[in-house]
Amino acid sequence: MIAKDLQSAVEALGEMIASASTIVPFTGAGISTECGIPDFRSPGGLWTRNRPIPFDEFVASREARDESWRRRFAMEATFAAAKPGRGHRALAALYRAGKIPAIITQNIDNLHQASGFASDHVIELHGNTTYARCIGCGRAYDLPWVKQRFDAGGAPDCIDCDEPIKTATISFGQAMPENEMLRAAELSQHCDLFIAIGSSLVVWPAAGFPMMAKRCGAKLVIINREPTDQDEMADLVIPFDIGETLGPFVGN
């Protein structure tokens with residue numbers, strides 16, 4: 001069912017939330033756009049202006065690593081200024097109420113943690129851009145340290161193993177995080193309401209989780225301004241603003 005207006009959408013969603021015992025949200029870039037973080041794929045998004053740097057190119061080319069870090073630090077003010085929006089706060093309220101055991105996200109902005117989710121309960125399929133890791137030994141680095149080294153001599157290498165350091169995100173061509181994928185599958189298979197929020201549902205294998213939840217008996221809600229390929233299988237499709245849709249649940 002596609003909601004015809006915002007009020008009926010909020011009412012229908014509220015009824016589904018009230019009757020559910022275990023809700024699993026799955027969030028994409030759309031939940032963070034009201035926080036000032038631009039989408040990557042939409043017209044005018046970052047990837048329409050800058051070609052993504054694949055993982056193998058990052059590893060092979062110092063120039064690619066320098067460009068990758070240049071882009072990241074150019075976005076630092078945007079990420080640093082971003083605060084959780086109405087969608088983040090609404091989900092955090094449901095989490096505090098015991099309705100949500102954990103959240104699955106394609107986002108890299110750390111805003112779910114900032115809204116009140118414990119880090120262990122945020123399943124980050126595409127990593128996190130607010131810190132860095134060595135691609136060899138996995139040592140974590142904070143961004144101010146990386147920035148100091150970058151300004152002094154370009155993209156830094158690990159002080160332990162000399163392998164390149166990159167943001168703790170998953171790049172094109174890089175293996176998906178195995179533990180996070182397993183946890184996301186487990187959550188999807190054992191919820192009774194799965195809510196996909198602000199995702200185009202075109203990036204696989206992450207886009208398979210709504211379908212997995214539906215096949216396992218969960219109700220499926222999709223909140224996204226643009227149509228998705230999974231709308232037909234959803235129990236409720238809400239094509240309205242995410243903040244306005246979820247705003248009424250912030251205080252729950």
# chains A, B, ... in the order shown; residues from 1 in each chain; ligands from 1
$ select_by_dssp --residues "range 21-226 of chain A" --states "strand (DSSP E or B)" --output "JSON, numbers by chain"
{"A": [23, 24, 25, 26, 27, 103, 104, 105, 122, 123, 124, 127, 128, 129, 130, 131, 132, 133, 134, 140, 141, 157, 164, 165, 166, 167, 168, 169, 193, 194, 195, 196, 197, 219, 220, 221, 222, 223]}
$ write_last_selection --atoms "N, CA and C atoms" --output "compact mmCIF listing (two decimals), in the first residue's frame"
# COMPACT_ATOMS: atom_id res chain seq x y z
N ILE A 23 11.41 -4.38 16.15
CA ILE A 23 11.53 -3.55 14.94
C ILE A 23 12.99 -3.44 14.55
N VAL A 24 13.28 -3.64 13.28
CA VAL A 24 14.63 -3.45 12.77
C VAL A 24 14.60 -2.36 11.70
N PRO A 25 15.22 -1.20 11.97
CA PRO A 25 15.34 -0.16 10.96
C PRO A 25 16.58 -0.42 10.08
N PHE A 26 16.45 -0.02 8.84
CA PHE A 26 17.55 -0.12 7.88
C PHE A 26 17.65 1.26 7.22
N THR A 27 18.73 1.98 7.46
CA THR A 27 18.78 3.37 7.02
C THR A 27 19.82 3.61 5.93
N ILE A 103 20.21 -1.43 14.96
CA ILE A 103 19.87 -0.77 13.70
C ILE A 103 20.91 -1.13 12.65
N ILE A 104 20.44 -1.35 11.42
CA ILE A 104 21.32 -1.63 10.28
C ILE A 104 21.42 -0.34 9.47
N THR A 105 22.62 0.08 9.12
CA THR A 105 22.75 1.31 8.35
C THR A 105 23.78 1.18 7.24
N VAL A 122 24.76 -0.54 16.48
CA VAL A 122 24.70 0.08 15.16
C VAL A 122 25.50 -0.81 14.21
N ILE A 123 24.81 -1.47 13.29
CA ILE A 123 25.45 -2.38 12.35
C ILE A 123 25.80 -1.58 11.10
N GLU A 124 27.05 -1.20 10.98
CA GLU A 124 27.50 -0.32 9.89
C GLU A 124 28.00 -1.17 8.72
N GLY A 127 30.78 0.89 6.93
CA GLY A 127 31.83 1.47 7.75
C GLY A 127 31.48 2.82 8.33
N ASN A 128 32.53 3.55 8.73
CA ASN A 128 32.36 4.81 9.46
C ASN A 128 33.47 5.77 9.06
N THR A 129 33.09 6.97 8.66
CA THR A 129 34.08 7.94 8.15
C THR A 129 34.65 8.85 9.23
N THR A 130 34.25 8.66 10.49
CA THR A 130 34.70 9.57 11.54
C THR A 130 36.01 9.13 12.19
N TYR A 131 36.58 8.03 11.71
CA TYR A 131 37.92 7.63 12.13
C TYR A 131 38.55 6.85 10.99
N ALA A 132 39.78 6.38 11.17
CA ALA A 132 40.52 5.70 10.11
C ALA A 132 41.07 4.37 10.62
N ARG A 133 41.40 3.51 9.66
CA ARG A 133 42.01 2.23 10.01
C ARG A 133 43.13 1.90 9.02
N CYS A 134 44.13 1.18 9.51
CA CYS A 134 45.15 0.61 8.63
C CYS A 134 44.51 -0.55 7.88
N ALA A 140 43.38 1.39 14.55
CA ALA A 140 42.53 2.56 14.40
C ALA A 140 43.33 3.85 14.62
N TYR A 141 42.96 4.89 13.88
CA TYR A 141 43.60 6.20 14.00
C TYR A 141 42.51 7.27 14.05
N ASP A 157 51.01 6.26 6.15
CA ASP A 157 50.98 4.81 6.30
C ASP A 157 50.98 4.46 7.79
N PRO A 164 48.84 1.23 3.98
CA PRO A 164 48.09 2.48 3.90
C PRO A 164 46.98 2.59 4.95
N ILE A 165 46.71 3.80 5.36
CA ILE A 165 45.60 4.11 6.26
C ILE A 165 44.49 4.74 5.43
N LYS A 166 43.25 4.30 5.63
CA LYS A 166 42.10 4.92 4.97
C LYS A 166 40.98 5.10 5.97
N THR A 167 40.01 5.91 5.61
CA THR A 167 38.84 6.04 6.47
C THR A 167 38.26 4.66 6.70
N ALA A 168 37.63 4.46 7.84
CA ALA A 168 37.11 3.14 8.21
C ALA A 168 35.79 2.87 7.49
N THR A 169 35.79 3.12 6.18
CA THR A 169 34.62 2.91 5.34
C THR A 169 34.90 1.79 4.35
N LEU A 193 8.81 -6.34 12.30
CA LEU A 193 8.63 -5.13 11.49
C LEU A 193 9.99 -4.64 11.03
N PHE A 194 10.18 -4.51 9.74
CA PHE A 194 11.42 -4.03 9.15
C PHE A 194 11.10 -2.73 8.43
N ILE A 195 11.82 -1.66 8.78
CA ILE A 195 11.55 -0.34 8.20
C ILE A 195 12.78 0.13 7.44
N ALA A 196 12.69 0.19 6.12
CA ALA A 196 13.77 0.72 5.28
C ALA A 196 13.55 2.22 5.12
N ILE A 197 14.55 3.00 5.47
CA ILE A 197 14.38 4.46 5.55
C ILE A 197 15.47 5.17 4.75
N LYS A 219 6.56 -7.63 8.61
CA LYS A 219 5.95 -6.56 7.84
C LYS A 219 7.06 -5.66 7.33
N LEU A 220 6.91 -5.14 6.13
CA LEU A 220 7.94 -4.29 5.53
C LEU A 220 7.38 -2.91 5.22
N VAL A 221 8.05 -1.89 5.77
CA VAL A 221 7.71 -0.49 5.48
C VAL A 221 8.90 0.14 4.77
N ILE A 222 8.62 0.90 3.71
CA ILE A 222 9.66 1.63 2.99
C ILE A 222 9.32 3.11 3.04
N ILE A 223 10.23 3.90 3.62
CA ILE A 223 10.06 5.36 3.68
C ILE A 223 11.14 5.96 2.79
$ residues_around --residues "range 112-118 of chain A" --least-positions-apart "5" --cutoff "9 Å" --atoms "only C-alpha atoms" --output "list in words"
Lys83, Pro84, Gly85, His88, Arg89, Leu91, Ala92, Ala93, Tyr95, Arg96, Ala102, Ile103 and Thr105 of chain A
$ closest_residue --among "A:Pro248, A:Gly153, A:Gly98, A:Pro38" --to "Glu11 in chain A" --atoms "only C-alpha atoms"
A:Pro248
$ residues_around --residues "range 53-64 of chain A" --least-positions-apart "4" --cutoff "7 Å" --atoms "only C-alpha atoms" --output "list in words"
Ser68, Ser171, Phe172, Gly173 and Gln174 of chain A
$ residues_around --residues "Asp229 in chain A" --least-positions-apart "4" --cutoff "9 Å" --atoms "only C-alpha atoms" --output "list in words"
Ser200, Leu201, Val202 and Met233 of chain A
$ closest_residue --among "A:Ala82, A:Leu143, A:Cys158, A:Ala97" --to "Thr33 in chain A" --atoms "only C-alpha atoms"
A:Ala82
$ select_by_dssp --residues "range 12-94 of chain A" --states "helix (DSSP H, G or I)" --output "VMD selection string"
chain A and resid 12 to 19 29 to 31 33 to 35 46 to 49 55 to 60 62 to 74 76 to 81 86 to 94
$ closest_residue --among "A:Ala74, A:Ala206, A:Leu94, A:Val10" --to "Ala184 in chain A" --atoms "only C-alpha atoms"
A:Ala206
$ atom_distance --atom1 "CA of Gly136 in chain A" --atom2 "CA of Glu178 in chain A"
16.4 Å
$ closest_residue --among "A:Ile2, A:Ile135, A:Cys191, A:Ala77" --to "Lys99 in chain A" --atoms "only C-alpha atoms"
A:Cys191
$ decode --residues "range 50-96 of chain A" --atoms "N, CA and C atoms" --output "PDB file, in the first residue's frame"
ATOM      1  N   ASN A  50      32.394  13.784  -8.385  1.00  0.00           N
ATOM      2  CA  ASN A  50      33.691  13.137  -8.178  1.00  0.00           C
ATOM      3  C   ASN A  50      33.543  11.630  -8.367  1.00  0.00           C
ATOM      4  N   ARG A  51      34.322  11.073  -9.271  1.00  0.00           N
ATOM      5  CA  ARG A  51      34.289   9.627  -9.483  1.00  0.00           C
ATOM      6  C   ARG A  51      34.763   8.923  -8.218  1.00  0.00           C
ATOM      7  N   PRO A  52      33.992   7.928  -7.730  1.00  0.00           N
ATOM      8  CA  PRO A  52      34.459   7.179  -6.561  1.00  0.00           C
ATOM      9  C   PRO A  52      35.808   6.523  -6.835  1.00  0.00           C
ATOM     10  N   ILE A  53      36.639   6.446  -5.813  1.00  0.00           N
ATOM     11  CA  ILE A  53      37.955   5.819  -5.940  1.00  0.00           C
ATOM     12  C   ILE A  53      37.844   4.376  -5.461  1.00  0.00           C
ATOM     13  N   PRO A  54      37.957   3.393  -6.368  1.00  0.00           N
ATOM     14  CA  PRO A  54      37.841   1.979  -5.962  1.00  0.00           C
ATOM     15  C   PRO A  54      38.965   1.576  -5.019  1.00  0.00           C
ATOM     16  N   PHE A  55      38.704   0.527  -4.257  1.00  0.00           N
ATOM     17  CA  PHE A  55      39.669   0.077  -3.259  1.00  0.00           C
ATOM     18  C   PHE A  55      41.003  -0.325  -3.879  1.00  0.00           C
ATOM     19  N   ASP A  56      40.973  -1.048  -4.995  1.00  0.00           N
ATOM     20  CA  ASP A  56      42.236  -1.494  -5.592  1.00  0.00           C
ATOM     21  C   ASP A  56      43.069  -0.319  -6.084  1.00  0.00           C
ATOM     22  N   GLU A  57      42.393   0.739  -6.543  1.00  0.00           N
ATOM     23  CA  GLU A  57      43.116   1.940  -6.969  1.00  0.00           C
ATOM     24  C   GLU A  57      43.714   2.662  -5.766  1.00  0.00           C
ATOM     25  N   PHE A  58      42.973   2.709  -4.664  1.00  0.00           N
ATOM     26  CA  PHE A  58      43.474   3.322  -3.429  1.00  0.00           C
ATOM     27  C   PHE A  58      44.751   2.613  -2.972  1.00  0.00           C
ATOM     28  N   VAL A  59      44.731   1.291  -3.011  1.00  0.00           N
ATOM     29  CA  VAL A  59      45.879   0.510  -2.558  1.00  0.00           C
ATOM     30  C   VAL A  59      47.080   0.700  -3.475  1.00  0.00           C
ATOM     31  N   ALA A  60      46.824   0.743  -4.779  1.00  0.00           N
ATOM     32  CA  ALA A  60      47.915   0.736  -5.752  1.00  0.00           C
ATOM     33  C   ALA A  60      48.552   2.100  -5.989  1.00  0.00           C
ATOM     34  N   SER A  61      47.817   3.176  -5.740  1.00  0.00           N
ATOM     35  CA  SER A  61      48.272   4.489  -6.173  1.00  0.00           C
ATOM     36  C   SER A  61      48.350   5.484  -5.020  1.00  0.00           C
ATOM     37  N   ARG A  62      49.541   6.035  -4.782  1.00  0.00           N
ATOM     38  CA  ARG A  62      49.676   7.077  -3.768  1.00  0.00           C
ATOM     39  C   ARG A  62      48.870   8.308  -4.156  1.00  0.00           C
ATOM     40  N   GLU A  63      48.809   8.604  -5.456  1.00  0.00           N
ATOM     41  CA  GLU A  63      48.012   9.748  -5.910  1.00  0.00           C
ATOM     42  C   GLU A  63      46.539   9.549  -5.560  1.00  0.00           C
ATOM     43  N   ALA A  64      46.047   8.321  -5.717  1.00  0.00           N
ATOM     44  CA  ALA A  64      44.655   8.039  -5.368  1.00  0.00           C
ATOM     45  C   ALA A  64      44.427   8.177  -3.870  1.00  0.00           C
ATOM     46  N   ARG A  65      45.401   7.740  -3.083  1.00  0.00           N
ATOM     47  CA  ARG A  65      45.263   7.879  -1.621  1.00  0.00           C
ATOM     48  C   ARG A  65      45.272   9.349  -1.214  1.00  0.00           C
ATOM     49  N   ASP A  66      46.144  10.124  -1.836  1.00  0.00           N
ATOM     50  CA  ASP A  66      46.173  11.562  -1.546  1.00  0.00           C
ATOM     51  C   ASP A  66      44.839  12.211  -1.908  1.00  0.00           C
ATOM     52  N   GLU A  67      44.286  11.855  -3.072  1.00  0.00           N
ATOM     53  CA  GLU A  67      43.015  12.440  -3.507  1.00  0.00           C
ATOM     54  C   GLU A  67      41.877  12.008  -2.590  1.00  0.00           C
ATOM     55  N   SER A  68      41.908  10.754  -2.162  1.00  0.00           N
ATOM     56  CA  SER A  68      40.874  10.261  -1.260  1.00  0.00           C
ATOM     57  C   SER A  68      40.862  11.041   0.045  1.00  0.00           C
ATOM     58  N   TRP A  69      42.042  11.257   0.609  1.00  0.00           N
ATOM     59  CA  TRP A  69      42.113  12.013   1.859  1.00  0.00           C
ATOM     60  C   TRP A  69      41.813  13.494   1.628  1.00  0.00           C
ATOM     61  N   ARG A  70      42.204  14.027   0.503  1.00  0.00           N
ATOM     62  CA  ARG A  70      41.861  15.432   0.207  1.00  0.00           C
ATOM     63  C   ARG A  70      40.348  15.617   0.211  1.00  0.00           C
ATOM     64  N   ARG A  71      39.641  14.699  -0.430  1.00  0.00           N
ATOM     65  CA  ARG A  71      38.174  14.773  -0.471  1.00  0.00           C
ATOM     66  C   ARG A  71      37.587  14.643   0.931  1.00  0.00           C
ATOM     67  N   ARG A  72      38.134  13.717   1.721  1.00  0.00           N
ATOM     68  CA  ARG A  72      37.582  13.510   3.063  1.00  0.00           C
ATOM     69  C   ARG A  72      37.750  14.760   3.923  1.00  0.00           C
ATOM     70  N   PHE A  73      38.928  15.364   3.873  1.00  0.00           N
ATOM     71  CA  PHE A  73      39.140  16.540   4.718  1.00  0.00           C
ATOM     72  C   PHE A  73      38.371  17.751   4.200  1.00  0.00           C
ATOM     73  N   ALA A  74      38.074  17.780   2.898  1.00  0.00           N
ATOM     74  CA  ALA A  74      37.230  18.848   2.353  1.00  0.00           C
ATOM     75  C   ALA A  74      35.807  18.754   2.903  1.00  0.00           C
ATOM     76  N   MET A  75      35.400  17.546   3.315  1.00  0.00           N
ATOM     77  CA  MET A  75      34.063  17.330   3.868  1.00  0.00           C
ATOM     78  C   MET A  75      34.036  17.391   5.389  1.00  0.00           C
ATOM     79  N   GLU A  76      35.172  17.611   6.025  1.00  0.00           N
ATOM     80  CA  GLU A  76      35.242  17.502   7.482  1.00  0.00           C
ATOM     81  C   GLU A  76      34.291  18.464   8.188  1.00  0.00           C
ATOM     82  N   ALA A  77      34.216  19.694   7.717  1.00  0.00           N
ATOM     83  CA  ALA A  77      33.337  20.665   8.370  1.00  0.00           C
ATOM     84  C   ALA A  77      31.872  20.221   8.298  1.00  0.00           C
ATOM     85  N   THR A  78      31.498  19.609   7.174  1.00  0.00           N
ATOM     86  CA  THR A  78      30.121  19.124   7.001  1.00  0.00           C
ATOM     87  C   THR A  78      29.815  18.006   7.983  1.00  0.00           C
ATOM     88  N   PHE A  79      30.697  17.017   8.060  1.00  0.00           N
ATOM     89  CA  PHE A  79      30.474  15.901   8.983  1.00  0.00           C
ATOM     90  C   PHE A  79      30.533  16.365  10.434  1.00  0.00           C
ATOM     91  N   ALA A  80      31.462  17.256  10.749  1.00  0.00           N
ATOM     92  CA  ALA A  80      31.628  17.704  12.127  1.00  0.00           C
ATOM     93  C   ALA A  80      30.418  18.499  12.617  1.00  0.00           C
ATOM     94  N   ALA A  81      29.780  19.235  11.701  1.00  0.00           N
ATOM     95  CA  ALA A  81      28.648  20.080  12.087  1.00  0.00           C
ATOM     96  C   ALA A  81      27.327  19.324  12.156  1.00  0.00           C
ATOM     97  N   ALA A  82      27.270  18.149  11.573  1.00  0.00           N
ATOM     98  CA  ALA A  82      26.009  17.419  11.478  1.00  0.00           C
ATOM     99  C   ALA A  82      25.544  16.910  12.841  1.00  0.00           C
ATOM    100  N   LYS A  83      24.277  17.109  13.119  1.00  0.00           N
ATOM    101  CA  LYS A  83      23.647  16.613  14.340  1.00  0.00           C
ATOM    102  C   LYS A  83      22.499  15.685  13.947  1.00  0.00           C
ATOM    103  N   PRO A  84      22.142  14.743  14.816  1.00  0.00           N
ATOM    104  CA  PRO A  84      21.041  13.832  14.481  1.00  0.00           C
ATOM    105  C   PRO A  84      19.761  14.588  14.141  1.00  0.00           C
ATOM    106  N   GLY A  85      19.080  14.132  13.086  1.00  0.00           N
ATOM    107  CA  GLY A  85      17.833  14.746  12.664  1.00  0.00           C
ATOM    108  C   GLY A  85      16.631  14.081  13.319  1.00  0.00           C
ATOM    109  N   ARG A  86      15.447  14.475  12.859  1.00  0.00           N
ATOM    110  CA  ARG A  86      14.218  13.934  13.448  1.00  0.00           C
ATOM    111  C   ARG A  86      14.129  12.419  13.265  1.00  0.00           C
ATOM    112  N   GLY A  87      14.568  11.942  12.105  1.00  0.00           N
ATOM    113  CA  GLY A  87      14.533  10.499  11.869  1.00  0.00           C
ATOM    114  C   GLY A  87      15.431   9.741  12.831  1.00  0.00           C
ATOM    115  N   HIS A  88      16.655  10.232  13.001  1.00  0.00           N
ATOM    116  CA  HIS A  88      17.578   9.594  13.950  1.00  0.00           C
ATOM    117  C   HIS A  88      16.995   9.600  15.363  1.00  0.00           C
ATOM    118  N   ARG A  89      16.443  10.740  15.776  1.00  0.00           N
ATOM    119  CA  ARG A  89      15.946  10.872  17.149  1.00  0.00           C
ATOM    120  C   ARG A  89      14.716  10.001  17.383  1.00  0.00           C
ATOM    121  N   ALA A  90      13.877   9.857  16.357  1.00  0.00           N
ATOM    122  CA  ALA A  90      12.704   8.993  16.494  1.00  0.00           C
ATOM    123  C   ALA A  90      13.115   7.535  16.670  1.00  0.00           C
ATOM    124  N   LEU A  91      14.072   7.090  15.881  1.00  0.00           N
ATOM    125  CA  LEU A  91      14.536   5.712  16.009  1.00  0.00           C
ATOM    126  C   LEU A  91      15.209   5.493  17.359  1.00  0.00           C
ATOM    127  N   ALA A  92      15.948   6.491  17.827  1.00  0.00           N
ATOM    128  CA  ALA A  92      16.587   6.381  19.131  1.00  0.00           C
ATOM    129  C   ALA A  92      15.547   6.278  20.247  1.00  0.00           C
ATOM    130  N   ALA A  93      14.424   6.973  20.090  1.00  0.00           N
ATOM    131  CA  ALA A  93      13.356   6.892  21.088  1.00  0.00           C
ATOM    132  C   ALA A  93      12.766   5.487  21.130  1.00  0.00           C
ATOM    133  N   LEU A  94      12.568   4.889  19.967  1.00  0.00           N
ATOM    134  CA  LEU A  94      12.044   3.522  19.910  1.00  0.00           C
ATOM    135  C   LEU A  94      13.069   2.518  20.446  1.00  0.00           C
ATOM    136  N   TYR A  95      14.326   2.818  20.234  1.00  0.00           N
ATOM    137  CA  TYR A  95      15.410   1.990  20.790  1.00  0.00           C
ATOM    138  C   TYR A  95      15.386   2.040  22.321  1.00  0.00           C
ATOM    139  N   ARG A  96      15.266   3.236  22.865  1.00  0.00           N
ATOM    140  CA  ARG A  96      15.212   3.383  24.332  1.00  0.00           C
ATOM    141  C   ARG A  96      13.970   2.705  24.910  1.00  0.00           C
TER     142      ARG A  96
END
